[in-house]
Amino acid sequence: MKKLFFPLLIVTFVLSGIAHYAHWNAVFQFVVAAISVIFVAGFLGRATEAVAHYAGQRLGGFLNATFGNAAELIIAIFLVKEGLFDMVKASITGSIIGNLLLVLGASALTGGIKFKEQKFNIHLAGQNASLMLLAVIALFIPAVFVKSEHLSDHDTMSISITVAGVLIVAYIGWLVYSMITHKSLLEDNEETQPAHGEEAVWSKGKSILYLVLATVMVAFVSEWLVGTLEVFTEKFHLSELFVGAFIVAIIGNAAEHSAAVMLALKNKIGAAVEIAVGSSLQIALFVAPVLIFISLFFGQHMNILFSTIELAAIAVAVLIATSISRDGATTWYEGKLLLLVYIVLGVAFYFV
Amino acid sequence: MKKLFFPLLIVTFVLSGIAHYAHWNAVFQFVVAAISVIFVAGFLGRATEAVAHYAGQRLGGFLNATFGNAAELIIAIFLVKEGLFDMVKASITGSIIGNLLLVLGASALTGGIKFKEQKFNIHLAGQNASLMLLAVIALFIPAVFVKSEHLSDHDTMSISITVAGVLIVAYIGWLVYSMITHKSLLEDNEETQPAHGEEAVWSKGKSILYLVLATVMVAFVSEWLVGTLEVFTEKFHLSELFVGAFIVAIIGNAAEHSAAVMLALKNKIGAAVEIAVGSSLQIALFVAPVLIFISLFFGQHMNILFSTIELAAIAVAVLIATSISRDGATTWYEGKLLLLVYIVLGVAFYFV
Amino acid sequence: MKKLFFPLLIVTFVLSGIAHYAHWNAVFQFVVAAISVIFVAGFLGRATEAVAHYAGQRLGGFLNATFGNAAELIIAIFLVKEGLFDMVKASITGSIIGNLLLVLGASALTGGIKFKEQKFNIHLAGQNASLMLLAVIALFIPAVFVKSEHLSDHDTMSISITVAGVLIVAYIGWLVYSMITHKSLLEDNEETQPAHGEEAVWSKGKSILYLVLATVMVAFVSEWLVGTLEVFTEKFHLSELFVGAFIVAIIGNAAEHSAAVMLALKNKIGAAVEIAVGSSLQIALFVAPVLIFISLFFGQHMNILFSTIELAAIAVAVLIATSISRDGATTWYEGKLLLLVYIVLGVAFYFV
């Protein structure tokens, strides 16, 4: 099985690429891309794990989240350029709730079935909770003020730009804090010593190279897969909001998803949390505000106002995820709760 | 005194029953039922304690909560059958906030006056908080989506049924988690060893029999008492919402109330929390969704949409109760805070 | 430098007083008052520290908060008398968020740059969180009920008076709890033993006298400074809401601000938290409800309804402050987060 992995990875990837660029039948495109995404996600999972072996769980998780979100950022830039602001916001919403509920939930559930209780750094859990709260506040305040005080478009844009700036400042501060000044405080205990008896599969350089390569492959396959969705959307009469917030987000986060679940199954829940929560934080504190500035660059004016149901979905996801992770431990039932909230949101979005 | 308890229990119960079925004077019915409820609640309290002696604090608390809510479920089913959905929702709201604020508050206050600080299992506190949050989210999301997106009645009903299903799945999972897979994690420390020197009053079988019997008696007396309320409601010009959410809920929870306070006074705050929070969770995660399905069975269509003020009251009660119980300890002042929030809500509901 | 402090304190204070009462040029009044406020605030900081040396960090912090808020209460009473209810509510809002975000944020940031992690009593943090939550609930519930149920002015006033009474009862209970029944539980560990080698600057009596004197001076200078603001408000076209909630609150809290930052720099973050959070609690649980009763005394009827954006600002400040302080420790990054939320709110209020 192990010997067949790389050949199958390359074959399905190439086949999926040909199907996309040669505009083959949409159903075939979808099937081959869906198979390919399983292999590239598996590849990314292995590469992340190899890097985490050298870099510690948290830096590994951060790298994974960053590479995972690169794909989403690129797709969103194209959407902003075309002025499709609603779809951008829907996919930002979907990505935040997908990571906090689906990825974190599936990791805690699968890891929790194997291990009774999985612990991770409690300081990190607290900091993550405060940061997510900042993100919710930063998205919530402009919406409340603009709606209840009927602010002009100009003032709305001024508030949007300031809030976007504040979020980026918070994100840079977080990197300084977590990677430099308080690195040791936020690390998982196990990381400080090398894992006993566990051998590295790849060398350090090879691991990093494979991580980059796997991320790029995931980005491509994700885009090809998303491209085939329009046909299905029309066939099944799904709303753009549902497709943006759920279908696109699930496929776009497939990489984080598989990596996080694999780490949870190896009892490295700290890294899984870092991927899920770290990815949400990157989307909220970095990707979203950067898109506001990029929209200005394109001569567009995308503000930071999310709709009521998007804000409700984000707030609810942050609340339950922080409530569950605040004690620095997860169990199967907590994972199940996160997945149930995801289902409730999914059903609600479906009927909009 | 102890010798007179059982005779008085039986006499007041029988007298109250005769007064009810023979349609005696309403004021007399009320007075005799109110006296009777004190004795049957005391009986239930003793029986719960006896069972807790054998079963551990948590299982005892769970049994008490279940038997306590059986009465409420039966009353609610009759209301659903008659299509009185608003009163059902008001009594669900009242039951949740009554347990979280009045029962938990009175337990923490009375127990806290006697003991400086009362501790209970901190894992349980965290899990309860997450579960209550799930319940709030499940009631909140349909209301937000339906109101801000103006969904059709058909879609509202579809969302209601899905959410009800999710809540029941969450409840069953919680039973598996707390009673089977993670039982030891959530138990109070004292339970693992038998209480020193404390002798059992009744045998195991007798204790369980008495618990069932006491619950049935409470259910009957509660209903007789509720039946006399209409006269008072009209006399004092009280709104149905206030009566449903406060008067009915207070009387309906008299059993939980007295049992919880008695346990708190014996420094068994863990069991008191289990009764109060466990009862709220049962109402929100089991009674409420089951009523949705039962309404379908009757050909009625009760949706899961609560009014803004009901949602605000539930959210506020959950927030303050989880904030106070999250540290796994209670003091008299925390009990007082809970009671003050209950008063604020009571006054607000009174003026609606 | 130390020798020059008292002469400069007196000279700038007297000069500022003359400028005010002799109605000198507004810009000169502003400049001289602004310089004076630095010295009187410094004086208050030293006096607080001296008292804290004798009384323990928490009582010192409480005294400081009380004296600091005396000025605000007096100013608010004059505003109530003139029926300027909106400005009173704006300054209450500004004082709460200013203390929780600006004062606490600046303390945690400056203290956190010097010390890696600053710890304080975790029980106190939890209690503060629950009390702040009570305050938010008490302001939130009347607004939700009145708005969604369209209550009459008479009922609104009845709810306002009840809620105000509840808040005062909660505040008195809190004093009994934190100063008498559970004093030891909430104290910082360091307080129980005298600081090693640290000598008292002033005697106990002198310290208390200076604390009172400094507070009175701060109150006077604050008022003189606020008096010059109107000219600036008109010049820069600022809204009354922004001036009330930010400019007035920042100047009015200058004393708490400088005292808290100085204590944080001496690693006494417990006292800094007590000043910041304690001051917010006093405003919300004591000053605000007392003003409701005082308005009745003047024949006015100030209700307890805050506007949507004021409630959103208070709720957001309480949420992030409690999320950050709940673990009983602060770092520079947490201080930065609080300041960033303050900036977001400031910008939003600026554009209203």
# chains A, B, ... in the order shown; residues from 1 in each chain; ligands from 1
>>> interface_residues(of="chain A", to="chain C", cutoff="8 Å", atoms="only C-alpha atoms", output="ChimeraX atom specification")
/A:126-127,129-131,133-134,137-138,141-142,144-145,148-149,151,155,159,162-163,166,170,173-174,177,182
>>> write_last_selection(atoms="C-alpha atoms", output="compact mmCIF listing (two decimals), in the first residue's frame")
# COMPACT_ATOMS: atom_id res chain seq x y z
CA GLY A 126 -6.90 30.77 26.58
CA GLN A 127 -4.98 32.96 24.14
CA ALA A 129 -10.10 32.15 22.84
CA SER A 130 -9.21 35.81 23.40
CA LEU A 131 -7.98 36.21 19.84
CA LEU A 133 -13.14 36.93 20.53
CA LEU A 134 -11.23 39.93 19.18
CA ILE A 137 -15.78 41.84 18.10
CA ALA A 138 -14.00 43.43 15.14
CA ILE A 141 -18.97 46.25 16.07
CA PRO A 142 -18.99 47.78 12.54
CA VAL A 144 -23.98 47.01 14.87
CA PHE A 145 -22.89 50.64 14.54
CA SER A 148 -28.32 51.04 14.22
CA GLU A 149 -26.91 54.49 13.36
CA LEU A 151 -23.87 55.47 8.73
CA ASP A 155 -17.98 56.35 7.02
CA ILE A 159 -14.50 52.10 9.81
CA THR A 162 -9.48 51.03 10.47
CA VAL A 163 -10.82 47.73 11.74
CA VAL A 166 -6.38 46.80 13.76
CA ALA A 170 -3.25 42.13 16.20
CA GLY A 173 1.54 41.01 17.43
CA TRP A 174 0.30 37.47 17.84
CA TYR A 177 4.08 36.86 20.94
CA HIS A 182 6.26 33.77 24.81
>>> select_by_dssp(residues="stretch 82-324 of chain C", states="helix (DSSP H, G or I)", output="ChimeraX atom specification")
/C:85-114,122-149,153-181,183-186,189-192,204-227,229-235,240-252,254-265,269-297,308-324
>>> residues_around(residues="stretch 298-302 of chain C", least_positions_apart="4", cutoff="9 Å", atoms="only C-alpha atoms", output="list in words")
Val80, Lys81, Glu82, Gly83, Phe85, Met157, Ser160, Leu291, Ile292, Phe293 and Ile294 of chain C
>>> write_last_selection(atoms="N, CA, C and O atoms", output="tab-separated table (two decimals), in the first residue's frame")
chain	number	residue	atom	x	y	z
C	80	VAL	N	-27.42	65.11	35.58
C	80	VAL	CA	-28.77	64.57	35.79
C	80	VAL	C	-29.72	65.70	36.16
C	80	VAL	O	-30.84	65.78	35.65
C	81	LYS	N	-29.27	66.58	37.04
C	81	LYS	CA	-30.08	67.71	37.49
C	81	LYS	C	-30.55	68.55	36.31
C	81	LYS	O	-31.68	69.05	36.28
C	82	GLU	N	-29.68	68.69	35.33
C	82	GLU	CA	-30.01	69.47	34.14
C	82	GLU	C	-30.73	68.64	33.09
C	82	GLU	O	-31.01	69.15	31.99
C	83	GLY	N	-31.02	67.35	33.39
C	83	GLY	CA	-31.76	66.51	32.45
C	83	GLY	C	-30.96	66.01	31.27
C	83	GLY	O	-31.51	65.53	30.29
C	85	PHE	N	-29.61	63.36	30.23
C	85	PHE	CA	-29.51	61.92	30.48
C	85	PHE	C	-28.58	61.22	29.48
C	85	PHE	O	-27.84	60.31	29.84
C	157	MET	N	-39.99	52.76	33.71
C	157	MET	CA	-39.45	53.37	34.92
C	157	MET	C	-39.50	52.39	36.09
C	157	MET	O	-38.55	52.32	36.88
C	160	SER	N	-36.74	50.02	35.59
C	160	SER	CA	-35.47	50.71	35.84
C	160	SER	C	-35.18	50.78	37.33
C	160	SER	O	-34.05	50.51	37.77
C	291	LEU	N	-27.64	57.03	40.36
C	291	LEU	CA	-28.08	58.17	39.54
C	291	LEU	C	-29.56	58.05	39.16
C	291	LEU	O	-30.25	59.06	39.02
C	292	ILE	N	-30.05	56.81	38.98
C	292	ILE	CA	-31.48	56.61	38.70
C	292	ILE	C	-32.31	57.16	39.87
C	292	ILE	O	-33.27	57.92	39.67
C	293	PHE	N	-31.90	56.78	41.09
C	293	PHE	CA	-32.65	57.24	42.27
C	293	PHE	C	-32.51	58.76	42.46
C	293	PHE	O	-33.47	59.44	42.81
C	294	ILE	N	-31.30	59.28	42.21
C	294	ILE	CA	-31.08	60.73	42.35
C	294	ILE	C	-31.95	61.49	41.36
C	294	ILE	O	-32.48	62.56	41.68
>>> residues_around(residues="C:Ser36", least_positions_apart="5", cutoff="7 Å", atoms="only C-alpha atoms", output="compact mmCIF listing (two decimals) with N, CA, C and O atoms, in the first residue's frame")
# COMPACT_ATOMS: atom_id res chain seq x y z
N LEU C 9 3.63 70.34 41.71
CA LEU C 9 2.25 69.89 41.91
C LEU C 9 1.37 71.06 42.34
O LEU C 9 0.30 71.30 41.76
N THR C 12 1.21 74.12 39.56
CA THR C 12 0.36 73.86 38.39
C THR C 12 -1.12 73.77 38.80
O THR C 12 -2.00 74.23 38.06
N PHE C 13 -1.37 73.21 40.00
CA PHE C 13 -2.74 73.10 40.47
C PHE C 13 -3.36 74.48 40.69
O PHE C 13 -4.47 74.77 40.22
N SER C 16 -3.84 76.36 37.43
CA SER C 16 -4.97 75.82 36.69
C SER C 16 -6.29 76.31 37.29
O SER C 16 -7.24 76.65 36.56
>>> residues_around(residues="C:Val136", least_positions_apart="4", cutoff="8 Å", atoms="only C-alpha atoms", output="number ranges by chain")
C: 132, 140, 311, 314-315, 318
>>> closest_residue(among="C:Gly244, C:Gly270, C:Gly45, C:Gly328", to="C:Val212", atoms="only C-alpha atoms")
C:Gly45
>>> residues_around(residues="A:Leu265", least_positions_apart="2", cutoff="10 Å", atoms="only C-alpha atoms", output="PyMOL selection string")
chain A and resi 107-115+260-263+267-269+272
>>> residues_around(residues="stretch 207-211 of chain A", least_positions_apart="6", cutoff="8 Å", atoms="only C-alpha atoms", output="PDB file with C-alpha atoms, in the first residue's frame")
ATOM      1  CA  LEU A  44       0.007  17.089   2.941  1.00  0.00           C
ATOM      2  CA  ALA A  47       4.491  16.252   5.110  1.00  0.00           C
ATOM      3  CA  THR A  48       3.025  18.309   7.973  1.00  0.00           C
ATOM      4  CA  ALA A  50       7.301  15.235   9.161  1.00  0.00           C
ATOM      5  CA  VAL A  51       7.851  18.990   9.601  1.00  0.00           C
ATOM      6  CA  ASN A  64       0.183  23.892   7.800  1.00  0.00           C
TER       7      ASN A  64
END
>>> atom_distance(atom1="atom CA of B:Val221", atom2="atom CA of B:Val88")
19.4 Å
